[in-house]
$ cat structure-v4.txt   # compact mmCIF, C-alpha atoms and all ligand atoms
# COMPACT_ATOMS: atom_id res chain seq x y z
CA MET A 300 -58.19 1.95 -23.26
CA THR A 301 -57.06 3.51 -19.98
CA ILE A 302 -57.28 1.02 -17.17
CA LYS A 303 -58.17 2.23 -13.73
CA LYS A 304 -59.78 -0.80 -12.09
CA ILE A 305 -59.57 -4.55 -12.69
CA ALA A 306 -61.45 -7.52 -11.26
CA ILE A 307 -60.11 -11.01 -10.50
CA THR A 308 -62.16 -14.19 -10.41
CA THR A 309 -61.08 -17.73 -9.54
CA GLY A 310 -63.20 -20.46 -11.10
CA GLY A 311 -63.39 -24.24 -11.23
CA GLY A 312 -61.62 -26.66 -8.92
CA ASP A 313 -59.14 -24.99 -6.60
CA ALA A 314 -55.40 -25.61 -7.02
CA PRO A 315 -52.28 -24.69 -5.04
CA GLY A 316 -50.95 -21.46 -6.55
CA LEU A 317 -54.21 -19.55 -6.97
CA ASN A 318 -53.29 -17.18 -4.15
CA GLY A 319 -49.91 -16.57 -5.77
CA VAL A 320 -51.68 -15.32 -8.88
CA ILE A 321 -54.01 -13.11 -6.82
CA ARG A 322 -50.99 -11.67 -4.99
CA ALA A 323 -48.99 -11.00 -8.15
CA VAL A 324 -51.94 -9.43 -10.01
CA THR A 325 -52.76 -7.19 -7.05
CA LEU A 326 -49.18 -5.99 -6.48
CA ALA A 327 -48.51 -5.42 -10.18
CA ALA A 328 -51.83 -3.59 -10.65
CA CYS A 329 -51.41 -1.41 -7.56
CA LYS A 330 -47.85 -0.60 -8.70
CA ARG A 331 -49.49 0.90 -11.80
CA GLY A 332 -51.98 2.90 -9.75
CA TRP A 333 -54.89 0.64 -10.70
CA GLU A 334 -57.59 -0.51 -8.28
CA CYS A 335 -58.09 -4.25 -7.86
CA VAL A 336 -61.19 -6.09 -6.69
CA GLY A 337 -61.71 -9.80 -6.14
CA ILE A 338 -65.03 -11.41 -6.99
CA ARG A 339 -65.97 -14.11 -4.51
CA HIS A 340 -66.72 -17.69 -5.55
CA GLY A 341 -66.34 -17.44 -9.28
CA PHE A 342 -68.92 -14.87 -10.42
CA ASP A 343 -71.36 -15.57 -7.57
CA GLY A 344 -70.02 -12.53 -5.72
CA ILE A 345 -71.68 -10.42 -8.43
CA LEU A 346 -74.58 -12.68 -9.42
CA HIS A 347 -75.66 -13.18 -5.79
CA ALA A 348 -73.94 -10.32 -3.96
CA ASP A 349 -76.72 -10.26 -1.36
CA GLU A 350 -75.83 -13.79 -0.23
CA PHE A 351 -72.38 -12.74 0.99
CA GLU A 352 -72.39 -11.26 4.50
CA THR A 353 -69.19 -9.32 3.90
CA GLY A 354 -70.13 -8.42 0.33
CA GLY A 355 -69.61 -10.33 -2.88
CA THR A 356 -66.34 -8.60 -3.64
CA LEU A 357 -63.08 -8.09 -1.76
CA GLU A 358 -60.91 -4.99 -2.21
CA LEU A 359 -57.44 -6.28 -3.08
CA THR A 360 -54.51 -4.19 -1.83
CA PRO A 361 -50.92 -4.99 -0.91
CA ASP A 362 -52.20 -5.45 2.64
CA THR A 363 -54.96 -7.94 1.78
CA VAL A 364 -52.61 -10.13 -0.24
CA ARG A 365 -49.71 -10.03 2.22
CA GLY A 366 -48.45 -13.51 3.12
CA ILE A 367 -50.86 -15.52 0.91
CA GLY A 368 -48.40 -16.75 -1.74
CA HIS A 369 -47.70 -20.02 0.08
CA LEU A 370 -51.33 -20.72 1.00
CA GLY A 371 -53.28 -23.39 -0.90
CA GLY A 372 -56.82 -22.75 -2.08
CA THR A 373 -58.07 -19.24 -2.98
CA ILE A 374 -58.85 -16.38 -0.59
CA LEU A 375 -61.70 -15.46 -2.97
CA GLY A 376 -63.33 -18.88 -2.93
CA THR A 377 -64.34 -20.59 -6.16
CA THR A 378 -67.09 -22.69 -7.68
CA ASN A 379 -67.34 -25.12 -10.54
CA ARG A 380 -71.10 -24.69 -10.91
CA GLY A 381 -71.28 -20.95 -11.61
CA ASN A 382 -71.52 -20.40 -15.35
CA PRO A 383 -73.50 -17.14 -15.78
CA PHE A 384 -74.49 -18.21 -19.30
CA SER A 385 -75.96 -21.45 -18.02
CA TYR A 386 -76.92 -20.80 -14.41
CA LYS A 387 -79.18 -22.96 -12.22
CA VAL A 388 -81.86 -20.54 -10.97
CA GLU A 389 -84.15 -21.55 -8.07
CA LEU A 390 -87.79 -20.70 -8.95
CA PRO A 391 -90.47 -19.49 -6.44
CA ASP A 392 -92.29 -22.82 -6.68
CA GLY A 393 -89.19 -24.62 -5.40
CA THR A 394 -88.15 -25.99 -8.77
CA SER A 395 -85.10 -24.76 -10.66
CA GLU A 396 -84.18 -24.09 -14.26
CA VAL A 397 -81.04 -23.17 -16.19
CA GLN A 398 -80.96 -19.57 -17.42
CA ASP A 399 -78.54 -17.14 -19.10
CA ILE A 400 -78.08 -14.44 -16.48
CA SER A 401 -74.97 -12.90 -18.05
CA ASP A 402 -76.76 -9.54 -18.26
CA ARG A 403 -76.62 -9.51 -14.44
CA LEU A 404 -72.87 -10.07 -14.63
CA LEU A 405 -72.42 -7.27 -17.16
CA GLN A 406 -74.47 -4.88 -15.00
CA GLY A 407 -72.31 -5.87 -12.02
CA PHE A 408 -69.16 -4.99 -13.92
CA LYS A 409 -70.67 -1.61 -14.85
CA ASN A 410 -71.71 -0.93 -11.23
CA LEU A 411 -68.19 -1.79 -10.06
CA LYS A 412 -66.67 0.31 -12.89
CA ILE A 413 -64.50 -2.63 -13.96
CA ASP A 414 -62.23 -1.91 -16.97
CA ALA A 415 -60.89 -5.46 -17.32
CA LEU A 416 -61.31 -8.95 -15.87
CA ILE A 417 -58.56 -11.43 -15.04
CA ALA A 418 -60.15 -14.89 -15.02
CA ILE A 419 -58.10 -17.65 -13.36
CA GLY A 420 -59.30 -21.17 -14.06
CA GLY A 421 -59.33 -24.32 -16.14
CA ASP A 422 -61.00 -25.12 -19.43
CA GLY A 423 -64.49 -24.40 -18.08
CA THR A 424 -63.48 -20.96 -16.79
CA MET A 425 -61.64 -20.15 -20.04
CA GLU A 426 -64.78 -21.04 -22.00
CA ILE A 427 -66.84 -18.69 -19.81
CA ALA A 428 -64.14 -16.03 -20.19
CA CYS A 429 -64.51 -16.33 -23.98
CA GLN A 430 -68.24 -15.66 -23.68
CA VAL A 431 -67.69 -12.75 -21.29
CA ALA A 432 -65.18 -11.29 -23.77
CA ALA A 433 -67.82 -11.62 -26.51
CA LEU A 434 -70.00 -9.28 -24.42
CA GLY A 435 -67.33 -6.59 -24.87
CA VAL A 436 -65.47 -7.06 -21.59
CA THR A 437 -61.65 -7.00 -21.77
CA VAL A 438 -60.50 -10.37 -20.41
CA ILE A 439 -57.13 -11.96 -19.69
CA GLY A 440 -57.17 -15.69 -18.85
CA VAL A 441 -54.73 -17.35 -16.43
CA PRO A 442 -54.56 -21.16 -16.76
CA LYS A 443 -55.07 -23.18 -13.58
CA THR A 444 -55.60 -26.87 -12.99
CA ILE A 445 -53.89 -29.71 -11.22
CA ASP A 446 -54.75 -31.83 -14.31
CA ASN A 447 -52.31 -29.95 -16.59
CA ASP A 448 -54.76 -30.60 -19.44
CA LEU A 449 -55.00 -27.01 -20.78
CA ASP A 450 -53.62 -26.49 -24.28
CA GLY A 451 -51.59 -23.32 -24.85
CA THR A 452 -49.34 -23.74 -21.82
CA ILE A 453 -46.58 -26.26 -21.12
CA ALA A 454 -47.71 -26.42 -17.51
CA THR A 455 -50.41 -25.10 -15.20
CA PHE A 456 -49.76 -24.23 -11.56
CA GLY A 457 -51.18 -26.82 -9.16
CA PHE A 458 -49.85 -29.68 -11.28
CA ASP A 459 -46.33 -29.78 -9.81
CA THR A 460 -47.70 -29.76 -6.26
CA ALA A 461 -50.11 -32.58 -7.09
CA VAL A 462 -47.37 -34.70 -8.68
CA GLY A 463 -45.10 -34.12 -5.67
CA PHE A 464 -47.77 -35.26 -3.22
CA ALA A 465 -48.74 -38.25 -5.38
CA THR A 466 -45.08 -39.30 -5.64
CA GLU A 467 -44.73 -39.18 -1.86
CA ALA A 468 -47.90 -41.27 -1.57
CA ILE A 469 -46.42 -43.91 -3.88
CA ASP A 470 -43.17 -43.90 -1.85
CA ARG A 471 -45.27 -44.67 1.25
CA LEU A 472 -47.19 -47.42 -0.52
CA HIS A 473 -43.93 -49.15 -1.45
CA THR A 474 -43.06 -49.84 2.19
CA THR A 475 -46.47 -51.17 3.22
CA GLY A 476 -46.96 -53.11 -0.02
CA ALA A 477 -43.53 -54.74 0.34
CA SER A 478 -44.23 -55.66 3.95
CA HIS A 479 -47.36 -57.60 2.99
CA ASN A 480 -46.45 -58.78 -0.54
CA ARG A 481 -49.53 -56.86 -1.69
CA VAL A 482 -50.64 -55.14 -4.89
CA MET A 483 -51.23 -51.48 -3.95
CA ILE A 484 -53.41 -49.53 -6.39
CA VAL A 485 -53.33 -45.72 -6.11
CA GLU A 486 -56.02 -43.82 -8.03
CA MET A 487 -55.30 -40.19 -8.94
CA MET A 488 -57.26 -37.23 -10.24
CA GLY A 489 -56.59 -35.81 -13.68
CA ARG A 490 -60.00 -36.02 -15.37
CA HIS A 491 -59.47 -37.32 -18.92
CA ALA A 492 -55.72 -36.78 -18.98
CA GLY A 493 -53.13 -39.02 -17.36
CA TRP A 494 -50.40 -36.47 -16.59
CA ILE A 495 -50.49 -36.81 -12.79
CA ALA A 496 -50.63 -40.64 -12.76
CA LEU A 497 -47.88 -40.85 -15.40
CA GLU A 498 -45.42 -38.39 -13.86
CA ALA A 499 -45.97 -39.52 -10.26
CA GLY A 500 -45.89 -43.17 -11.36
CA LEU A 501 -42.54 -42.66 -13.07
CA ALA A 502 -41.06 -40.58 -10.26
CA GLY A 503 -42.37 -43.02 -7.64
CA SER A 504 -41.19 -46.16 -9.49
CA ALA A 505 -44.63 -47.66 -9.92
CA ASP A 506 -44.65 -51.05 -11.63
CA VAL A 507 -47.84 -50.35 -13.61
CA ILE A 508 -49.11 -46.98 -14.88
CA LEU A 509 -52.62 -46.83 -16.38
CA ILE A 510 -53.84 -43.63 -18.06
CA PRO A 511 -56.93 -42.65 -20.11
CA GLU A 512 -54.81 -42.20 -23.25
CA ILE A 513 -53.92 -45.92 -23.32
CA PRO A 514 -56.93 -48.20 -22.74
CA PHE A 515 -55.52 -51.09 -20.71
CA ASP A 516 -55.61 -54.88 -20.95
CA LEU A 517 -55.99 -56.38 -17.48
CA LYS A 518 -54.22 -59.54 -18.66
CA ALA A 519 -51.08 -57.48 -19.27
CA VAL A 520 -51.36 -56.04 -15.76
CA ALA A 521 -51.78 -59.52 -14.22
CA ALA A 522 -48.81 -60.81 -16.21
CA LYS A 523 -46.63 -57.98 -14.89
CA VAL A 524 -47.69 -58.62 -11.29
CA ASN A 525 -47.07 -62.36 -11.64
CA ARG A 526 -43.66 -61.81 -13.22
CA ARG A 527 -42.74 -59.78 -10.16
CA ASN A 528 -44.22 -62.49 -7.92
CA ALA A 529 -41.93 -65.00 -9.61
CA ARG A 530 -38.94 -62.89 -8.60
CA ARG A 531 -37.76 -61.54 -5.24
CA ARG A 532 -40.13 -58.53 -5.27
CA LYS A 533 -43.47 -60.10 -4.47
CA PHE A 534 -45.47 -56.82 -4.37
CA SER A 535 -46.55 -54.33 -7.06
CA ILE A 536 -47.57 -50.68 -7.19
CA ILE A 537 -50.21 -49.60 -9.73
CA SER A 538 -50.59 -45.85 -10.46
CA ILE A 539 -53.94 -45.33 -12.18
CA ALA A 540 -55.60 -42.15 -13.45
CA GLU A 541 -59.26 -41.68 -12.50
CA GLY A 542 -60.17 -41.43 -16.18
CA ALA A 543 -58.42 -44.65 -17.23
CA ALA A 544 -60.54 -47.44 -18.75
CA PRO A 545 -60.06 -51.03 -19.95
CA ILE A 546 -59.91 -51.77 -23.69
CA GLY A 547 -63.48 -51.73 -24.98
CA GLY A 548 -64.69 -50.45 -21.61
CA GLU A 549 -65.84 -47.13 -20.18
CA ALA A 550 -64.37 -44.83 -17.54
CA SER A 551 -65.77 -45.26 -14.03
CA TYR A 552 -67.96 -42.60 -12.41
CA LYS A 553 -69.34 -42.09 -8.92
CA THR A 554 -72.48 -40.00 -8.36
CA THR A 555 -72.61 -37.74 -5.30
CA GLY A 556 -75.42 -35.23 -4.83
CA GLY A 557 -76.79 -36.06 -8.23
CA ILE A 558 -73.52 -35.14 -9.93
CA ALA A 559 -71.40 -37.83 -11.60
CA ASN A 560 -67.65 -37.40 -11.15
CA LEU A 561 -64.89 -39.68 -12.37
CA GLY A 562 -63.91 -42.25 -9.76
CA GLY A 563 -63.88 -45.95 -8.95
CA ILE A 564 -61.54 -47.36 -11.58
CA GLY A 565 -59.01 -48.34 -8.90
CA GLU A 566 -61.56 -50.57 -7.19
CA TRP A 567 -62.64 -51.95 -10.57
CA VAL A 568 -59.06 -53.03 -11.29
CA ALA A 569 -58.75 -54.55 -7.80
CA GLU A 570 -61.95 -56.58 -8.23
CA ASN A 571 -61.06 -57.84 -11.69
CA LEU A 572 -57.38 -58.45 -11.00
CA ARG A 573 -57.99 -60.42 -7.79
CA PRO A 574 -58.77 -63.77 -9.50
CA ALA A 575 -55.61 -63.52 -11.64
CA VAL A 576 -52.97 -62.89 -8.95
CA PRO A 577 -52.21 -64.54 -5.57
CA ASN A 578 -51.51 -61.22 -3.80
CA GLN A 579 -53.84 -59.40 -1.50
CA ILE A 580 -54.87 -56.11 -3.19
CA ARG A 581 -55.54 -52.74 -1.54
CA THR A 582 -56.76 -49.52 -3.20
CA VAL A 583 -56.02 -45.92 -2.18
CA VAL A 584 -57.81 -42.94 -3.77
CA LEU A 585 -55.82 -39.70 -3.38
CA GLY A 586 -58.77 -37.59 -4.53
CA HIS A 587 -58.84 -34.04 -3.19
CA LEU A 588 -55.61 -34.51 -1.27
CA LEU A 589 -54.09 -33.65 -4.67
CA ARG A 590 -55.92 -30.31 -4.68
CA GLY A 591 -54.96 -29.23 -1.17
CA GLY A 592 -51.90 -28.03 0.61
CA SER A 593 -49.27 -25.37 0.13
CA PRO A 594 -48.00 -24.88 -3.44
CA SER A 595 -44.56 -26.25 -4.35
CA SER A 596 -41.82 -23.76 -5.15
CA ARG A 597 -42.32 -24.41 -8.89
CA ASP A 598 -46.04 -23.66 -8.59
CA ARG A 599 -45.41 -20.56 -6.46
CA LEU A 600 -43.02 -19.24 -9.08
CA LEU A 601 -45.30 -20.10 -12.01
CA SER A 602 -48.33 -18.50 -10.36
CA LEU A 603 -46.42 -15.26 -9.69
CA ARG A 604 -45.14 -15.20 -13.28
CA PHE A 605 -48.62 -15.76 -14.69
CA GLY A 606 -50.19 -13.08 -12.48
CA ALA A 607 -47.65 -10.40 -13.32
CA ALA A 608 -47.76 -11.34 -17.03
CA ALA A 609 -51.54 -10.93 -17.03
CA VAL A 610 -51.21 -7.35 -15.76
CA ARG A 611 -48.46 -6.54 -18.28
CA ALA A 612 -50.68 -7.93 -21.05
CA LEU A 613 -53.43 -5.49 -20.06
CA GLU A 614 -50.91 -2.62 -19.88
CA ASP A 615 -49.73 -3.56 -23.40
CA GLY A 616 -53.29 -3.30 -24.66
CA LYS A 617 -53.84 -7.04 -25.10
CA LYS A 618 -57.33 -8.46 -24.61
CA ASN A 619 -59.09 -11.83 -24.76
CA VAL A 620 -55.87 -13.82 -24.50
CA MET A 621 -54.66 -16.42 -22.00
CA VAL A 622 -51.14 -16.28 -20.63
CA GLY A 623 -49.21 -19.55 -20.93
CA LEU A 624 -45.82 -21.01 -20.16
CA ASN A 625 -43.71 -21.30 -23.29
CA PRO A 626 -40.21 -21.78 -21.85
CA PRO A 627 -38.28 -19.65 -21.24
CA THR A 628 -41.04 -17.05 -21.47
CA VAL A 629 -44.71 -16.52 -20.74
CA HIS A 630 -46.63 -16.07 -23.99
CA HIS A 631 -50.23 -15.21 -24.93
CA VAL A 632 -52.67 -17.42 -26.80
CA PRO A 633 -56.12 -16.32 -28.01
CA LEU A 634 -58.71 -17.38 -25.42
CA GLU A 635 -60.73 -19.39 -27.91
CA GLU A 636 -57.60 -21.31 -28.92
CA ALA A 637 -56.92 -22.21 -25.30
CA THR A 638 -60.24 -24.04 -25.03
CA ARG A 639 -60.25 -25.69 -28.48
CA LYS A 640 -58.80 -29.02 -27.34
CA MET A 641 -57.71 -30.78 -24.17
CA LYS A 642 -53.97 -31.38 -23.74
CA VAL A 643 -53.64 -35.13 -23.19
CA VAL A 644 -50.54 -37.34 -22.90
CA PRO A 645 -49.15 -38.09 -26.41
CA VAL A 646 -48.83 -41.89 -26.49
CA ASP A 647 -45.47 -41.57 -28.28
CA CYS A 648 -43.98 -38.99 -25.92
CA ASP A 649 -40.62 -39.57 -24.28
CA MET A 650 -42.17 -40.16 -20.87
CA ILE A 651 -44.19 -43.07 -22.27
CA LYS A 652 -41.03 -44.39 -23.98
CA THR A 653 -39.09 -43.94 -20.74
CA ALA A 654 -41.71 -45.93 -18.80
CA ALA A 655 -41.52 -48.71 -21.38
CA ASP A 656 -37.70 -48.68 -21.28
CA LEU A 657 -37.84 -49.04 -17.49
CA GLY A 658 -40.04 -52.11 -17.85
CA ILE A 659 -43.12 -50.37 -16.44
CA CYS A 660 -46.37 -51.96 -17.64
CA LEU A 661 -48.60 -49.41 -19.40
CA GLY A 662 -51.52 -51.79 -19.70
CA ARG A 663 -50.56 -53.22 -23.04
O1 LIG B 701 -60.20 -30.51 -12.67
C1 LIG B 701 -59.64 -30.67 -11.41
C2 LIG B 701 -60.29 -31.83 -10.70
O2 LIG B 701 -59.63 -32.00 -9.47
C3 LIG B 701 -60.25 -33.13 -11.48
O3 LIG B 701 -58.97 -33.73 -11.47
C4 LIG B 701 -61.32 -33.93 -10.77
O4 LIG B 701 -61.85 -34.97 -11.56
C5 LIG B 701 -62.37 -32.84 -10.49
O5 LIG B 701 -61.67 -31.60 -10.44
C6 LIG B 701 -63.11 -33.04 -9.17
O6 LIG B 701 -64.13 -32.05 -9.13
P1 LIG B 701 -64.84 -31.68 -7.72
O7 LIG B 701 -63.86 -30.85 -6.94
O8 LIG B 701 -66.07 -30.91 -8.15
O9 LIG B 701 -65.14 -32.98 -7.04

$ encode --input "structure-v4.txt" --output "structure tokens" --more "lines below"
Ligand code: F6P
Amino acid sequence: MTIKKIAITTGGGDAPGLNGVIRAVTLAACKRGWECVGIRHGFDGILHADEFETGGTLELTPDTVRGIGHLGGTILGTTNRGNPFSYKVELPDGTSEVQDISDRLLQGFKNLKIDALIAIGGDGTMEIACQVAALGVTVIGVPKTIDNDLDGTIATFGFDTAVGFATEAIDRLHTTGASHNRVMIVEMMGRHAGWIALEAGLAGSADVILIPEIPFDLKAVAAKVNRRNARRRKFSIISIAEGAAPIGGEASYKTTGGIANLGGIGEWVAENLRPAVPNQIRTVVLGHLLRGGSPSSRDRLLSLRFGAAAVRALEDGKKNVMVGLNPPTVHHVPLEEATRKMKVVPVDCDMIKTAADLGICLGR
């Protein structure tokens, strides 16, 4: 198929590096004489074009992507509630219902004369990309998430930046925790994978690291804190993933705007640890600070590699694959494979063994 025009969409939670992908795709496509158009806010720029004052799409040229590689977020905007196959439609009577409006998306592609779509996102976006591909659209997926929980790629951009910020946060908590002989609990995003809490906890010399993959025993955590209290270092740092849960317990959720998101496990540990240790306990939730900011150099590089590889994949006639990091190269995995399972921390991996060898409590 001869490609003349491609579209880019960014879906799901934002992550540092998205603009690097947009820049690389645009420059590589324009170098090949292709046109490039960005769809605003996931697919909403097509599904609800009339709601965008400056139009639901943005022409992408070397000029429009100049100087965006180091910017966090996405110049196109994104959404994690915009699945065209399961879309919340407001009805005239003020109620709403979920409908499949993918025919509207397909018509939009035809109107825009799109030959191929590059979909940048996490597991949710890759699942939608699979369904769009099933409609006959040529799709290339680019993996994005700070959680690093996408199978088919060693790493996703956004993750390194999040770990770097979380590590710096732990460094800061060491000084204030030591000054007050306190237990400082830092809760981190990651959904149902513990990559961020584990890697930042190790890099930041946390004393306890709690992740969803290893249900924790609070008695083991209290014992670790009290062993430290018995020595010179009468403070402890606990790095905990938002999806972590006690043995036999459930993950903690907070509901905002009728939507339940993971959150609150840090406070739960503080409340239930308090009776077992003499220290004052304080909890910090890094939350969306892990999603913001300028991408690290590793994430800038990875995003550029992924973007250019996506264009080369199209040029080589590939379709319905996701690019992924498979050191030292960027490879392609079938889109449906990329969404088959979540990439979680293997409990026998070397980082877990390293933590144990360093005497870090993993909740057991
Ligand atoms: O998937 C990325 C992520 O940041 C998760 O780590 C987190 O649980 C979720 O998104 C938060 O979603 P929202 O931005 O909708 O609050």

$ residues_around --input "structure-v4.txt" --residues "region 655-660 of chain A" --least-positions-apart "4" --cutoff "12 Å" --atoms "all atoms listed in the file" --output "number ranges by chain"
A: 497, 500-510, 513, 515-524, 526-527, 535-539, 646-651

$ write_last_selection --input "structure-v4.txt" --atoms "C-alpha atoms" --output "mmCIF file, in the frame of the given file"
data_model
loop_
_atom_site.group_PDB
_atom_site.id
_atom_site.type_symbol
_atom_site.label_atom_id
_atom_site.label_comp_id
_atom_site.auth_asym_id
_atom_site.auth_seq_id
_atom_site.Cartn_x
_atom_site.Cartn_y
_atom_site.Cartn_z
ATOM 1 C CA LEU A 497 -47.880 -40.850 -15.400
ATOM 2 C CA GLY A 500 -45.890 -43.170 -11.360
ATOM 3 C CA LEU A 501 -42.540 -42.660 -13.070
ATOM 4 C CA ALA A 502 -41.060 -40.580 -10.260
ATOM 5 C CA GLY A 503 -42.370 -43.020 -7.640
ATOM 6 C CA SER A 504 -41.190 -46.160 -9.490
ATOM 7 C CA ALA A 505 -44.630 -47.660 -9.920
ATOM 8 C CA ASP A 506 -44.650 -51.050 -11.630
ATOM 9 C CA VAL A 507 -47.840 -50.350 -13.610
ATOM 10 C CA ILE A 508 -49.110 -46.980 -14.880
ATOM 11 C CA LEU A 509 -52.620 -46.830 -16.380
ATOM 12 C CA ILE A 510 -53.840 -43.630 -18.060
ATOM 13 C CA ILE A 513 -53.920 -45.920 -23.320
ATOM 14 C CA PHE A 515 -55.520 -51.090 -20.710
ATOM 15 C CA ASP A 516 -55.610 -54.880 -20.950
ATOM 16 C CA LEU A 517 -55.990 -56.380 -17.480
ATOM 17 C CA LYS A 518 -54.220 -59.540 -18.660
ATOM 18 C CA ALA A 519 -51.080 -57.480 -19.270
ATOM 19 C CA VAL A 520 -51.360 -56.040 -15.760
ATOM 20 C CA ALA A 521 -51.780 -59.520 -14.220
ATOM 21 C CA ALA A 522 -48.810 -60.810 -16.210
ATOM 22 C CA LYS A 523 -46.630 -57.980 -14.890
ATOM 23 C CA VAL A 524 -47.690 -58.620 -11.290
ATOM 24 C CA ARG A 526 -43.660 -61.810 -13.220
ATOM 25 C CA ARG A 527 -42.740 -59.780 -10.160
ATOM 26 C CA SER A 535 -46.550 -54.330 -7.060
ATOM 27 C CA ILE A 536 -47.570 -50.680 -7.190
ATOM 28 C CA ILE A 537 -50.210 -49.600 -9.730
ATOM 29 C CA SER A 538 -50.590 -45.850 -10.460
ATOM 30 C CA ILE A 539 -53.940 -45.330 -12.180
ATOM 31 C CA VAL A 646 -48.830 -41.890 -26.490
ATOM 32 C CA ASP A 647 -45.470 -41.570 -28.280
ATOM 33 C CA CYS A 648 -43.980 -38.990 -25.920
ATOM 34 C CA ASP A 649 -40.620 -39.570 -24.280
ATOM 35 C CA MET A 650 -42.170 -40.160 -20.870
ATOM 36 C CA ILE A 651 -44.190 -43.070 -22.270
#

$ axis_aligned_box --input "structure-v4.txt" --around "region 446-451 of chain A" --padding-each-side "4 Å" --output "AutoDock Vina command-line options"
--center_x -53.3 --center_y -27.6 --center_z -19.6 --size_x 11.4 --size_y 16.5 --size_z 18.5

$ closest_residue --input "structure-v4.txt" --among "A:Leu404, A:Ala543, A:Leu589, A:Ala477" --to "ligand LIG 701 (chain B)" --atoms "all atoms listed in the file"
A:Leu589

$ closest_residue --input "structure-v4.txt" --among "A:Thr638, A:Tyr552, A:Ile484, A:Leu613" --to "Val568 (chain A)" --atoms "all atoms listed in the file"
A:Ile484

$ residues_around --input "structure-v4.txt" --residues "region 360-363 of chain A" --least-positions-apart "2" --cutoff "9 Å" --atoms "all atoms listed in the file" --output "list in words"
Arg322, Thr325, Leu326, Cys329, Glu334, Cys335, Val336, Leu357, Glu358, Arg365, Gly366 and Ile367 of chain A

$ write_last_selection --input "structure-v4.txt" --atoms "C-alpha atoms" --output "PDB file, in the frame of the given file"
ATOM      1  CA  ARG A 322     -50.990 -11.670  -4.990  1.00  0.00           C
ATOM      2  CA  THR A 325     -52.760  -7.190  -7.050  1.00  0.00           C
ATOM      3  CA  LEU A 326     -49.180  -5.990  -6.480  1.00  0.00           C
ATOM      4  CA  CYS A 329     -51.410  -1.410  -7.560  1.00  0.00           C
ATOM      5  CA  GLU A 334     -57.590  -0.510  -8.280  1.00  0.00           C
ATOM      6  CA  CYS A 335     -58.090  -4.250  -7.860  1.00  0.00           C
ATOM      7  CA  VAL A 336     -61.190  -6.090  -6.690  1.00  0.00           C
ATOM      8  CA  LEU A 357     -63.080  -8.090  -1.760  1.00  0.00           C
ATOM      9  CA  GLU A 358     -60.910  -4.990  -2.210  1.00  0.00           C
ATOM     10  CA  ARG A 365     -49.710 -10.030   2.220  1.00  0.00           C
ATOM     11  CA  GLY A 366     -48.450 -13.510   3.120  1.00  0.00           C
ATOM     12  CA  ILE A 367     -50.860 -15.520   0.910  1.00  0.00           C
TER      13      ILE A 367
END

$ residues_around --input "structure-v4.txt" --residues "Ala540 (chain A)" --least-positions-apart "2" --cutoff "6 Å" --atoms "all atoms listed in the file" --output "list in words"
Glu486, Met487, Gly493, Ala496, Ile510, Gly542 and Ala543 of chain A

$ residues_around --input "structure-v4.txt" --residues "Ala327 (chain A)" --least-positions-apart "2" --cutoff "9 Å" --atoms "only C-alpha atoms" --output "tab-separated table (two decimals) with C-alpha atoms, keeping the file's coordinate frame"
chain	number	residue	atom	x	y	z
A	322	ARG	CA	-50.99	-11.67	-4.99
A	323	ALA	CA	-48.99	-11.00	-8.15
A	324	VAL	CA	-51.94	-9.43	-10.01
A	325	THR	CA	-52.76	-7.19	-7.05
A	329	CYS	CA	-51.41	-1.41	-7.56
A	330	LYS	CA	-47.85	-0.60	-8.70
A	331	ARG	CA	-49.49	0.90	-11.80
A	333	TRP	CA	-54.89	0.64	-10.70
A	606	GLY	CA	-50.19	-13.08	-12.48
A	607	ALA	CA	-47.65	-10.40	-13.32
A	610	VAL	CA	-51.21	-7.35	-15.76
A	611	ARG	CA	-48.46	-6.54	-18.28

$ atom_distance --input "structure-v4.txt" --atom1 "CA of Leu405 (chain A)" --atom2 "CA of Ile439 (chain A)"
16.2 Å

$ residues_near_ligand --input "structure-v4.txt" --ligand "ligand LIG 701 (chain B)" --cutoff "8 Å" --atoms "only C-alpha atoms and all ligand atoms" --output "list of chain:residue names"
A:Gly311, A:Gly312, A:Asp313, A:Ala314, A:Asn379, A:Gly421, A:Thr444, A:Ile445, A:Asp446, A:Met487, A:Met488, A:Gly489, A:Arg490, A:Glu541, A:Asn560, A:Leu561, A:Gly562, A:Gly586, A:His587, A:Leu589, A:Arg590

$ atom_distance --input "structure-v4.txt" --atom1 "CA of Pro315 (chain A)" --atom2 "CA of Val438 (chain A)"
22.6 Å

$ decode --input "structure-v4.txt" --residues "region 407-420 of chain A" --atoms "C-alpha atoms" --output "compact mmCIF listing (two decimals), in the first residue's frame"
# COMPACT_ATOMS: atom_id res chain seq x y z
CA GLY A 407 -13.35 10.37 10.08
CA PHE A 408 -10.32 8.47 8.80
CA LYS A 409 -11.90 8.33 5.33
CA ASN A 410 -12.71 12.06 5.38
CA LEU A 411 -9.11 12.82 6.39
CA LYS A 412 -7.79 10.37 3.76
CA ILE A 413 -5.68 8.61 6.41
CA ASP A 414 -3.62 5.66 5.08
CA ALA A 415 -2.30 4.54 8.47
CA LEU A 416 -2.61 5.30 12.18
CA ILE A 417 0.19 5.45 14.74
CA ALA A 418 -1.38 4.90 18.16
CA ILE A 419 0.77 5.85 21.16
CA GLY A 420 -0.45 4.55 24.49
